[in-house]
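Trainee: Input file: start.pdb. Contents: PDB, N, CA and C atoms.
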ATOM      1  N   GLY A  22      10.535 -19.760 -29.543
ATOM      2  CA  GLY A  22      10.306 -18.856 -30.644
ATOM      3  C   GLY A  22       9.240 -17.827 -30.310
ATOM      4  N   TRP A  23       9.040 -16.911 -31.224
ATOM      5  CA  TRP A  23       8.011 -15.883 -31.080
ATOM      6  C   TRP A  23       6.636 -16.513 -31.196
ATOM      7  N   PHE A  24       5.674 -16.012 -30.435
ATOM      8  CA  PHE A  24       4.309 -16.544 -30.478
ATOM      9  C   PHE A  24       3.771 -16.554 -31.903
ATOM     10  N   ARG A  25       3.969 -15.470 -32.645
ATOM     11  CA  ARG A  25       3.410 -15.367 -34.009
ATOM     12  C   ARG A  25       4.003 -16.409 -34.951
ATOM     13  N   ASP A  26       5.203 -16.900 -34.630
ATOM     14  CA  ASP A  26       5.857 -17.900 -35.471
ATOM     15  C   ASP A  26       5.544 -19.325 -35.049
ATOM     16  N   THR A  27       5.301 -19.543 -33.775
ATOM     17  CA  THR A  27       5.164 -20.913 -33.278
ATOM     18  C   THR A  27       3.724 -21.341 -33.003
ATOM     19  N   LEU A  28       2.887 -20.439 -32.512
ATOM     20  CA  LEU A  28       1.550 -20.852 -32.095
ATOM     21  C   LEU A  28       0.606 -21.228 -33.235
ATOM     22  N   PRO A  29       0.614 -20.521 -34.375
ATOM     23  CA  PRO A  29      -0.337 -20.898 -35.429
ATOM     24  C   PRO A  29      -0.181 -22.337 -35.925
ATOM     25  N   THR A  30       1.001 -22.887 -35.841
ATOM     26  CA  THR A  30       1.210 -24.261 -36.320
ATOM     27  C   THR A  30       1.396 -25.266 -35.187
ATOM     28  N   ALA A  31       1.190 -24.828 -33.961
ATOM     29  CA  ALA A  31       1.329 -25.740 -32.820
ATOM     30  C   ALA A  31       0.263 -26.831 -32.909
ATOM     31  N   PRO A  32       0.632 -28.062 -32.606
ATOM     32  CA  PRO A  32      -0.319 -29.185 -32.721
ATOM     33  C   PRO A  32      -1.297 -29.220 -31.537
ATOM     34  N   ILE A  33      -2.123 -28.195 -31.457
ATOM     35  CA  ILE A  33      -3.118 -28.069 -30.383
ATOM     36  C   ILE A  33      -4.484 -28.048 -31.031
ATOM     37  N   SER A  34      -5.345 -28.979 -30.645
ATOM     38  CA  SER A  34      -6.676 -29.002 -31.249
ATOM     39  C   SER A  34      -7.734 -28.402 -30.340
ATOM     40  N   GLN A  35      -7.567 -28.525 -29.035
ATOM     41  CA  GLN A  35      -8.582 -28.044 -28.112
ATOM     42  C   GLN A  35      -7.937 -27.728 -26.761
ATOM     43  N   LEU A  36      -8.449 -26.680 -26.112
ATOM     44  CA  LEU A  36      -7.926 -26.270 -24.803
ATOM     45  C   LEU A  36      -9.064 -26.130 -23.801
ATOM     46  N   ALA A  37      -8.835 -26.593 -22.600
ATOM     47  CA  ALA A  37      -9.769 -26.353 -21.497
ATOM     48  C   ALA A  37      -9.365 -25.090 -20.749
ATOM     49  N   VAL A  38      -8.055 -24.814 -20.697
ATOM     50  CA  VAL A  38      -7.521 -23.631 -20.030
ATOM     51  C   VAL A  38      -6.460 -23.018 -20.931
ATOM     52  N   LEU A  39      -6.612 -21.735 -21.191
ATOM     53  CA  LEU A  39      -5.606 -20.965 -21.910
ATOM     54  C   LEU A  39      -5.037 -19.962 -20.921
ATOM     55  N   ARG A  40      -3.764 -20.111 -20.607
ATOM     56  CA  ARG A  40      -3.118 -19.185 -19.666
ATOM     57  C   ARG A  40      -2.122 -18.328 -20.433
ATOM     58  N   LEU A  41      -2.345 -17.021 -20.397
ATOM     59  CA  LEU A  41      -1.521 -16.083 -21.145
ATOM     60  C   LEU A  41      -0.588 -15.324 -20.225
ATOM     61  N   ASP A  42       0.660 -15.190 -20.655
ATOM     62  CA  ASP A  42       1.657 -14.406 -19.938
ATOM     63  C   ASP A  42       2.544 -13.737 -20.978
ATOM     64  N   GLY A  43       1.926 -12.864 -21.778
ATOM     65  CA  GLY A  43       2.656 -12.254 -22.873
ATOM     66  C   GLY A  43       3.168 -10.860 -22.598
ATOM     67  N   ASP A  44       2.666 -10.190 -21.590
ATOM     68  CA  ASP A  44       3.074  -8.848 -21.183
ATOM     69  C   ASP A  44       2.755  -7.761 -22.217
ATOM     70  N   LEU A  45       3.177  -7.942 -23.442
ATOM     71  CA  LEU A  45       3.080  -6.899 -24.459
ATOM     72  C   LEU A  45       1.830  -7.062 -25.322
ATOM     73  N   TYR A  46       1.438  -5.976 -25.971
ATOM     74  CA  TYR A  46       0.245  -5.981 -26.822
ATOM     75  C   TYR A  46       0.361  -7.047 -27.910
ATOM     76  N   GLU A  47       1.437  -6.973 -28.685
ATOM     77  CA  GLU A  47       1.575  -7.862 -29.840
ATOM     78  C   GLU A  47       1.621  -9.332 -29.436
ATOM     79  N   SER A  48       2.386  -9.665 -28.418
ATOM     80  CA  SER A  48       2.482 -11.072 -28.022
ATOM     81  C   SER A  48       1.162 -11.577 -27.457
ATOM     82  N   THR A  49       0.451 -10.739 -26.712
ATOM     83  CA  THR A  49      -0.850 -11.140 -26.182
ATOM     84  C   THR A  49      -1.842 -11.342 -27.319
ATOM     85  N   MET A  50      -1.868 -10.424 -28.270
ATOM     86  CA  MET A  50      -2.784 -10.533 -29.406
ATOM     87  C   MET A  50      -2.431 -11.740 -30.275
ATOM     88  N   ASP A  51      -1.156 -11.987 -30.499
ATOM     89  CA  ASP A  51      -0.742 -13.162 -31.287
ATOM     90  C   ASP A  51      -1.224 -14.451 -30.635
ATOM     91  N   ALA A  52      -1.059 -14.549 -29.326
ATOM     92  CA  ALA A  52      -1.492 -15.750 -28.607
ATOM     93  C   ALA A  52      -3.006 -15.902 -28.662
ATOM     94  N   LEU A  53      -3.735 -14.827 -28.455
ATOM     95  CA  LEU A  53      -5.196 -14.890 -28.517
ATOM     96  C   LEU A  53      -5.684 -15.289 -29.905
ATOM     97  N   ASN A  54      -5.135 -14.672 -30.931
ATOM     98  CA  ASN A  54      -5.564 -14.989 -32.295
ATOM     99  C   ASN A  54      -5.326 -16.448 -32.646
ATOM    100  N   ALA A  55      -4.213 -16.986 -32.192
ATOM    101  CA  ALA A  55      -3.873 -18.374 -32.514
ATOM    102  C   ALA A  55      -4.613 -19.389 -31.647
ATOM    103  N   LEU A  56      -4.856 -19.055 -30.390
ATOM    104  CA  LEU A  56      -5.321 -20.074 -29.442
ATOM    105  C   LEU A  56      -6.758 -19.919 -28.958
ATOM    106  N   TYR A  57      -7.296 -18.710 -28.931
ATOM    107  CA  TYR A  57      -8.653 -18.560 -28.395
ATOM    108  C   TYR A  57      -9.687 -19.406 -29.146
ATOM    109  N   PRO A  58      -9.606 -19.518 -30.465
ATOM    110  CA  PRO A  58     -10.585 -20.366 -31.153
ATOM    111  C   PRO A  58     -10.540 -21.832 -30.700
ATOM    112  N   LYS A  59      -9.472 -22.239 -30.055
ATOM    113  CA  LYS A  59      -9.329 -23.619 -29.595
ATOM    114  C   LYS A  59      -9.818 -23.826 -28.160
ATOM    115  N   VAL A  60     -10.201 -22.740 -27.483
ATOM    116  CA  VAL A  60     -10.727 -22.856 -26.117
ATOM    117  C   VAL A  60     -12.149 -23.411 -26.204
ATOM    118  N   SER A  61     -12.369 -24.509 -25.537
ATOM    119  CA  SER A  61     -13.682 -25.158 -25.546
ATOM    120  C   SER A  61     -14.719 -24.286 -24.860
ATOM    121  N   PRO A  62     -15.984 -24.375 -25.313
ATOM    122  CA  PRO A  62     -17.044 -23.724 -24.540
ATOM    123  C   PRO A  62     -17.002 -24.251 -23.108
ATOM    124  N   GLY A  63     -17.045 -23.348 -22.150
ATOM    125  CA  GLY A  63     -16.905 -23.717 -20.749
ATOM    126  C   GLY A  63     -15.471 -23.673 -20.269
ATOM    127  N   GLY A  64     -14.523 -23.517 -21.210
ATOM    128  CA  GLY A  64     -13.115 -23.417 -20.859
ATOM    129  C   GLY A  64     -12.783 -22.048 -20.291
ATOM    130  N   PHE A  65     -11.581 -21.919 -19.781
ATOM    131  CA  PHE A  65     -11.161 -20.693 -19.101
ATOM    132  C   PHE A  65      -9.984 -20.039 -19.818
ATOM    133  N   VAL A  66      -9.985 -18.711 -19.800
ATOM    134  CA  VAL A  66      -8.856 -17.914 -20.259
ATOM    135  C   VAL A  66      -8.326 -17.181 -19.033
ATOM    136  N   VAL A  67      -7.062 -17.405 -18.713
ATOM    137  CA  VAL A  67      -6.408 -16.783 -17.561
ATOM    138  C   VAL A  67      -5.314 -15.873 -18.110
ATOM    139  N   VAL A  68      -5.330 -14.629 -17.669
ATOM    140  CA  VAL A  68      -4.362 -13.633 -18.147
ATOM    141  C   VAL A  68      -3.568 -13.124 -16.955
ATOM    142  N   ASP A  69      -2.274 -13.394 -16.954
ATOM    143  CA  ASP A  69      -1.420 -13.005 -15.836
ATOM    144  C   ASP A  69      -1.193 -11.494 -15.738
ATOM    145  N   ASP A  70      -1.148 -10.803 -16.869
ATOM    146  CA  ASP A  70      -0.647  -9.428 -16.884
ATOM    147  C   ASP A  70      -1.678  -8.380 -17.292
ATOM    148  N   TYR A  71      -2.945  -8.618 -16.981
ATOM    149  CA  TYR A  71      -3.992  -7.657 -17.338
ATOM    150  C   TYR A  71      -3.765  -6.300 -16.676
ATOM    151  N   GLY A  72      -3.019  -6.260 -15.600
ATOM    152  CA  GLY A  72      -2.690  -5.003 -14.931
ATOM    153  C   GLY A  72      -1.721  -4.130 -15.712
ATOM    154  N   LEU A  73      -1.036  -4.702 -16.706
ATOM    155  CA  LEU A  73      -0.135  -3.919 -17.549
ATOM    156  C   LEU A  73      -0.946  -3.272 -18.675
ATOM    157  N   PRO A  74      -0.776  -1.972 -18.903
ATOM    158  CA  PRO A  74      -1.587  -1.284 -19.918
ATOM    159  C   PRO A  74      -1.532  -1.922 -21.305
ATOM    160  N   THR A  75      -0.373  -2.424 -21.719
ATOM    161  CA  THR A  75      -0.260  -3.013 -23.056
ATOM    162  C   THR A  75      -1.041  -4.319 -23.160
ATOM    163  N   CYS A  76      -0.962  -5.129 -22.138
ATOM    164  CA  CYS A  76      -1.688  -6.392 -22.116
ATOM    165  C   CYS A  76      -3.192  -6.130 -22.027
ATOM    166  N   ARG A  77      -3.579  -5.220 -21.160
ATOM    167  CA  ARG A  77      -5.000  -4.888 -21.010
ATOM    168  C   ARG A  77      -5.583  -4.402 -22.334
ATOM    169  N   ALA A  78      -4.846  -3.557 -23.046
ATOM    170  CA  ALA A  78      -5.323  -3.040 -24.332
ATOM    171  C   ALA A  78      -5.540  -4.177 -25.325
ATOM    172  N   ALA A  79      -4.618  -5.130 -25.370
ATOM    173  CA  ALA A  79      -4.769  -6.267 -26.290
ATOM    174  C   ALA A  79      -5.998  -7.102 -25.932
ATOM    175  N   ILE A  80      -6.170  -7.403 -24.648
ATOM    176  CA  ILE A  80      -7.321  -8.194 -24.209
ATOM    177  C   ILE A  80      -8.612  -7.451 -24.532
ATOM    178  N   ASP A  81      -8.678  -6.186 -24.183
ATOM    179  CA  ASP A  81      -9.890  -5.403 -24.420
ATOM    180  C   ASP A  81     -10.185  -5.269 -25.909
ATOM    181  N   ASP A  82      -9.165  -5.019 -26.725
ATOM    182  CA  ASP A  82      -9.358  -4.907 -28.174
ATOM    183  C   ASP A  82      -9.829  -6.234 -28.765
ATOM    184  N   PHE A  83      -9.207  -7.335 -28.347
ATOM    185  CA  PHE A  83      -9.584  -8.660 -28.846
ATOM    186  C   PHE A  83     -11.037  -8.963 -28.515
ATOM    187  N   ARG A  84     -11.407  -8.763 -27.262
ATOM    188  CA  ARG A  84     -12.781  -9.064 -26.830
ATOM    189  C   ARG A  84     -13.788  -8.161 -27.545
ATOM    190  N   ARG A  85     -13.482  -6.884 -27.658
ATOM    191  CA  ARG A  85     -14.384  -5.937 -28.315
ATOM    192  C   ARG A  85     -14.578  -6.289 -29.791
ATOM    193  N   ALA A  86     -13.488  -6.594 -30.483
ATOM    194  CA  ALA A  86     -13.561  -6.905 -31.907
ATOM    195  C   ALA A  86     -14.367  -8.167 -32.188
ATOM    196  N   ARG A  87     -14.411  -9.058 -31.214
ATOM    197  CA  ARG A  87     -15.110 -10.333 -31.405
ATOM    198  C   ARG A  87     -16.431 -10.417 -30.651
ATOM    199  N   GLY A  88     -16.813  -9.349 -30.018
ATOM    200  CA  GLY A  88     -18.081  -9.328 -29.298
ATOM    201  C   GLY A  88     -18.120 -10.254 -28.095
ATOM    202  N   ILE A  89     -16.974 -10.486 -27.480
ATOM    203  CA  ILE A  89     -16.907 -11.357 -26.305
ATOM    204  C   ILE A  89     -17.391 -10.559 -25.096
ATOM    205  N   ILE A  90     -18.459 -11.051 -24.493
ATOM    206  CA  ILE A  90     -19.042 -10.338 -23.356
ATOM    207  C   ILE A  90     -18.995 -11.156 -22.064
ATOM    208  N   ASP A  91     -18.341 -12.298 -22.101
ATOM    209  CA  ASP A  91     -18.196 -13.097 -20.882
ATOM    210  C   ASP A  91     -17.524 -12.227 -19.824
ATOM    211  N   PRO A  92     -18.047 -12.232 -18.591
ATOM    212  CA  PRO A  92     -17.483 -11.352 -17.553
ATOM    213  C   PRO A  92     -16.028 -11.682 -17.219
ATOM    214  N   ILE A  93     -15.257 -10.629 -16.982
ATOM    215  CA  ILE A  93     -13.872 -10.768 -16.542
ATOM    216  C   ILE A  93     -13.853 -10.716 -15.014
ATOM    217  N   HIS A  94     -13.149 -11.674 -14.411
ATOM    218  CA  HIS A  94     -13.043 -11.753 -12.953
ATOM    219  C   HIS A  94     -11.602 -11.524 -12.542
ATOM    220  N   ARG A  95     -11.400 -10.731 -11.507
ATOM    221  CA  ARG A  95     -10.059 -10.468 -10.986
ATOM    222  C   ARG A  95      -9.556 -11.653 -10.174
ATOM    223  N   ILE A  96      -8.271 -11.946 -10.327
ATOM    224  CA  ILE A  96      -7.586 -12.953  -9.519
ATOM    225  C   ILE A  96      -6.797 -12.254  -8.421
ATOM    226  N   ASP A  97      -6.039 -11.250  -8.833
ATOM    227  CA  ASP A  97      -5.231 -10.451  -7.916
ATOM    228  C   ASP A  97      -5.055  -9.077  -8.548
ATOM    229  N   TRP A  98      -4.004  -8.347  -8.161
ATOM    230  CA  TRP A  98      -3.827  -6.983  -8.669
ATOM    231  C   TRP A  98      -3.560  -6.916 -10.169
ATOM    232  N   THR A  99      -3.156  -8.009 -10.788
ATOM    233  CA  THR A  99      -2.856  -7.976 -12.221
ATOM    234  C   THR A  99      -3.496  -9.114 -13.008
ATOM    235  N   GLY A 100      -3.851 -10.204 -12.367
ATOM    236  CA  GLY A 100      -4.407 -11.355 -13.071
ATOM    237  C   GLY A 100      -5.923 -11.327 -13.153
ATOM    238  N   VAL A 101      -6.443 -11.820 -14.274
ATOM    239  CA  VAL A 101      -7.882 -11.945 -14.477
ATOM    240  C   VAL A 101      -8.174 -13.267 -15.185
ATOM    241  N   PHE A 102      -9.454 -13.625 -15.199
ATOM    242  CA  PHE A 102      -9.872 -14.770 -16.006
ATOM    243  C   PHE A 102     -11.307 -14.551 -16.467
ATOM    244  N   TRP A 103     -11.672 -15.275 -17.525
ATOM    245  CA  TRP A 103     -13.071 -15.375 -17.906
ATOM    246  C   TRP A 103     -13.329 -16.794 -18.383
ATOM    247  N   GLN A 104     -14.570 -17.197 -18.286
ATOM    248  CA  GLN A 104     -14.988 -18.514 -18.749
ATOM    249  C   GLN A 104     -15.715 -18.324 -20.068
ATOM    250  N   ARG A 105     -15.281 -19.055 -21.065
ATOM    251  CA  ARG A 105     -15.895 -18.938 -22.377
ATOM    252  C   ARG A 105     -17.278 -19.576 -22.356
ATOM    253  N   SER A 106     -18.264 -18.791 -22.696
ATOM    254  CA  SER A 106     -19.628 -19.311 -22.692
ATOM    255  C   SER A 106     -19.855 -20.202 -23.910
ATOM    256  N   ALA A 107     -20.811 -21.101 -23.774
ATOM    257  CA  ALA A 107     -21.138 -22.015 -24.862
ATOM    258  C   ALA A 107     -21.709 -21.263 -26.052
ATOM    259  N   GLU A 108     -22.397 -20.154 -25.795
ATOM    260  CA  GLU A 108     -23.028 -19.401 -26.880
ATOM    261  C   GLU A 108     -22.064 -18.470 -27.592
ATOM    262  N   ASN A 109     -20.964 -18.153 -26.952
ATOM    263  CA  ASN A 109     -20.080 -17.129 -27.479
ATOM    264  C   ASN A 109     -19.190 -17.698 -28.576
ATOM    265  N   MET A 110     -19.533 -17.394 -29.797
ATOM    266  CA  MET A 110     -18.740 -17.798 -30.942
ATOM    267  C   MET A 110     -17.732 -16.696 -31.243
ATOM    268  N   VAL A 111     -16.609 -17.054 -31.818
ATOM    269  CA  VAL A 111     -15.610 -16.068 -32.204
ATOM    270  C   VAL A 111     -15.948 -15.596 -33.604
ATOM    271  N   ALA A 112     -16.207 -14.321 -33.740
ATOM    272  CA  ALA A 112     -16.477 -13.753 -35.055
ATOM    273  C   ALA A 112     -15.177 -13.203 -35.618
ATOM    274  N   ILE A 113     -14.825 -13.657 -36.797
ATOM    275  CA  ILE A 113     -13.652 -13.131 -37.483
ATOM    276  C   ILE A 113     -14.165 -12.001 -38.369
ATOM    277  N   VAL A 114     -13.684 -10.789 -38.104
ATOM    278  CA  VAL A 114     -14.224  -9.629 -38.807
ATOM    279  C   VAL A 114     -13.160  -8.960 -39.650
ATOM    280  N   SER A 115     -13.624  -8.359 -40.730
ATOM    281  CA  SER A 115     -12.731  -7.604 -41.593
ATOM    282  C   SER A 115     -12.553  -6.202 -41.005
ATOM    283  N   PRO A 116     -11.610  -5.412 -41.529
ATOM    284  CA  PRO A 116     -11.398  -4.065 -40.984
ATOM    285  C   PRO A 116     -12.649  -3.187 -41.023
ATOM    286  N   ASP A 117     -13.568  -3.434 -41.964
ATOM    287  CA  ASP A 117     -14.796  -2.626 -42.009
ATOM    288  C   ASP A 117     -15.875  -3.187 -41.101
ATOM    289  N   ARG A 118     -15.489  -4.144 -40.211
ATOM    290  CA  ARG A 118     -16.346  -4.724 -39.175
ATOM    291  C   ARG A 118     -17.396  -5.675 -39.742
ATOM    292  N   THR A 119     -17.217  -6.171 -40.970
ATOM    293  CA  THR A 119     -18.121  -7.141 -41.552
ATOM    294  C   THR A 119     -17.649  -8.536 -41.155
ATOM    295  N   ALA A 120     -18.545  -9.340 -40.644
ATOM    296  CA  ALA A 120     -18.173 -10.700 -40.241
ATOM    297  C   ALA A 120     -17.784 -11.511 -41.471
ATOM    298  N   LEU A 121     -16.639 -12.149 -41.406
ATOM    299  CA  LEU A 121     -16.179 -13.007 -42.483
ATOM    300  C   LEU A 121     -16.639 -14.438 -42.259
ATOM    301  N   HIS A 122     -16.504 -14.933 -41.040
ATOM    302  CA  HIS A 122     -17.008 -16.247 -40.640
ATOM    303  C   HIS A 122     -16.929 -16.363 -39.128
ATOM    304  N   THR A 123     -17.517 -17.406 -38.612
ATOM    305  CA  THR A 123     -17.447 -17.630 -37.179
ATOM    306  C   THR A 123     -16.838 -18.988 -36.919
ATOM    307  N   ALA A 124     -16.250 -19.116 -35.769
ATOM    308  CA  ALA A 124     -15.662 -20.384 -35.342
ATOM    309  C   ALA A 124     -15.994 -20.575 -33.880
ATOM    310  N   SER A 125     -16.146 -21.822 -33.481
ATOM    311  CA  SER A 125     -16.427 -22.069 -32.068
ATOM    312  C   SER A 125     -15.143 -22.196 -31.303
TER     313      SER A 125
END
Show the structure stored in the file as structure tokens.
Mentor:
Amino acid sequence: GWFRDTLPTAPISQLAVLRLDGDLYESTMDALNALYPKVSPGGFVVVDDYGLPTCRAAIDDFRRARGIIDPIHRIDWTGVFWQRSAENMVAIVSPDRTALHTAS
């Protein structure tokens, strides 16, 4: 099924590694919104298609909106990863950039 339909209700409580291969903006953003809050501090996010402009835009927008500053490391010409820091909480923000709540 589509990420937006299946991931929010997937029986996943915690992740050590989140590997994304969504290619497109919407699918990458859907996966991040549903799964990034479940990545444990110290866990890794691996993105296969960061070299694609649509995927890169989703990753950059997601990180910017949530204040994620963990360094991005290149794997190859298109893949990247970052390690989620223990201090980096996910801020859920409203369109006017006001924090609604935070989640680890």
Trainee: Mind giving me the straight-line distance from CA of Gly22 (chain A) to CA of Arg84 (chain A) in Å, one decimal?
Mentor: 25.4 Å
Trainee: Separation of atom C of Pro32 (chain A) and CA of Asp81 (chain A), in Å?
Mentor: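 Computing it gives 26.3 Å between the two atoms.
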Trainee: Quick one: residues within 8 Å of Val66 (chain A), all atoms listed in the file, excluding same-chain residues fewer than 2 positions away - as an NGL selection string?
Mentor: :A and (37-41 or 60 or 63-64 or 68-69 or 101-105)
Trainee: Please indicate the distance in Å from CA of Asn54 (chain A) to CA of Ala79 (chain A), rounded to one decimal place.
Mentor: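 Atom-to-atom, CA of Asn54 (chain A) and CA of Ala79 (chain A) are spaced 10.6 Å apart.
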Trainee: Expand the PyMOL selection byres ((chain A and resi 43) around 8) into the individual residues it matches in the shown file, reporting them as a list of chain:residue names.
Mentor: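 With the shown file as input, the PyMOL selection byres ((chain A and resi 43) around 8) matches A:Arg40, A:Leu41, A:Asp42, A:Asp44, A:Leu45, A:Tyr46, A:Glu47, A:Ser48, A:Thr49, A:Met50, A:Ala52, A:Val68, A:Asp69, A:Asp70, A:Thr75, A:Cys76.
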Trainee: Store the residues picked out above, limited to N, CA and C atoms, as a tab-separated table (two decimals), in the frame of the given file.
Mentor:
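Contents of the output file again_24.tsv:
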chain	number	residue	atom	x	y	z
A	40	ARG	N	-3.76	-20.11	-20.61
A	40	ARG	CA	-3.12	-19.18	-19.67
A	40	ARG	C	-2.12	-18.33	-20.43
A	41	LEU	N	-2.35	-17.02	-20.40
A	41	LEU	CA	-1.52	-16.08	-21.14
A	41	LEU	C	-0.59	-15.32	-20.23
A	42	ASP	N	0.66	-15.19	-20.66
A	42	ASP	CA	1.66	-14.41	-19.94
A	42	ASP	C	2.54	-13.74	-20.98
A	44	ASP	N	2.67	-10.19	-21.59
A	44	ASP	CA	3.07	-8.85	-21.18
A	44	ASP	C	2.76	-7.76	-22.22
A	45	LEU	N	3.18	-7.94	-23.44
A	45	LEU	CA	3.08	-6.90	-24.46
A	45	LEU	C	1.83	-7.06	-25.32
A	46	TYR	N	1.44	-5.98	-25.97
A	46	TYR	CA	0.24	-5.98	-26.82
A	46	TYR	C	0.36	-7.05	-27.91
A	47	GLU	N	1.44	-6.97	-28.68
A	47	GLU	CA	1.58	-7.86	-29.84
A	47	GLU	C	1.62	-9.33	-29.44
A	48	SER	N	2.39	-9.66	-28.42
A	48	SER	CA	2.48	-11.07	-28.02
A	48	SER	C	1.16	-11.58	-27.46
A	49	THR	N	0.45	-10.74	-26.71
A	49	THR	CA	-0.85	-11.14	-26.18
A	49	THR	C	-1.84	-11.34	-27.32
A	50	MET	N	-1.87	-10.42	-28.27
A	50	MET	CA	-2.78	-10.53	-29.41
A	50	MET	C	-2.43	-11.74	-30.28
A	52	ALA	N	-1.06	-14.55	-29.33
A	52	ALA	CA	-1.49	-15.75	-28.61
A	52	ALA	C	-3.01	-15.90	-28.66
A	68	VAL	N	-5.33	-14.63	-17.67
A	68	VAL	CA	-4.36	-13.63	-18.15
A	68	VAL	C	-3.57	-13.12	-16.95
A	69	ASP	N	-2.27	-13.39	-16.95
A	69	ASP	CA	-1.42	-13.00	-15.84
A	69	ASP	C	-1.19	-11.49	-15.74
A	70	ASP	N	-1.15	-10.80	-16.87
A	70	ASP	CA	-0.65	-9.43	-16.88
A	70	ASP	C	-1.68	-8.38	-17.29
A	75	THR	N	-0.37	-2.42	-21.72
A	75	THR	CA	-0.26	-3.01	-23.06
A	75	THR	C	-1.04	-4.32	-23.16
A	76	CYS	N	-0.96	-5.13	-22.14
A	76	CYS	CA	-1.69	-6.39	-22.12
A	76	CYS	C	-3.19	-6.13	-22.03
Trainee: Got a sec to tell me which of chain A DSSP assigns to helix (DSSP H, G or I), as a ChimeraX atom specification?
Mentor: /A:24-27,46-59,74-87
Trainee: Which is closest to Ile33 (chain A) among A:Arg95, A:Gly72, A:Ala107, A:Lys59, if we use all atoms listed in the file?
Mentor: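 Using all atoms listed in the file, Ile33 (chain A) sits closest to A:Lys59.
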Trainee: From chain A, collect each residue whose DSSP state is strand (DSSP E or B) and return the set as a PyMOL selection string.
Mentor: chain A and resi 36-41+60-68+94-95+101-104+111-114+120-124
Trainee: Nearest residue to Val67 (chain A) out of A:Phe83, A:Ala31, A:Gly88, A:Gly100, using all atoms listed in the file?
Mentor: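 Among A:Phe83, A:Ala31, A:Gly88, A:Gly100, it is A:Gly100 that comes nearest to Val67 (chain A).
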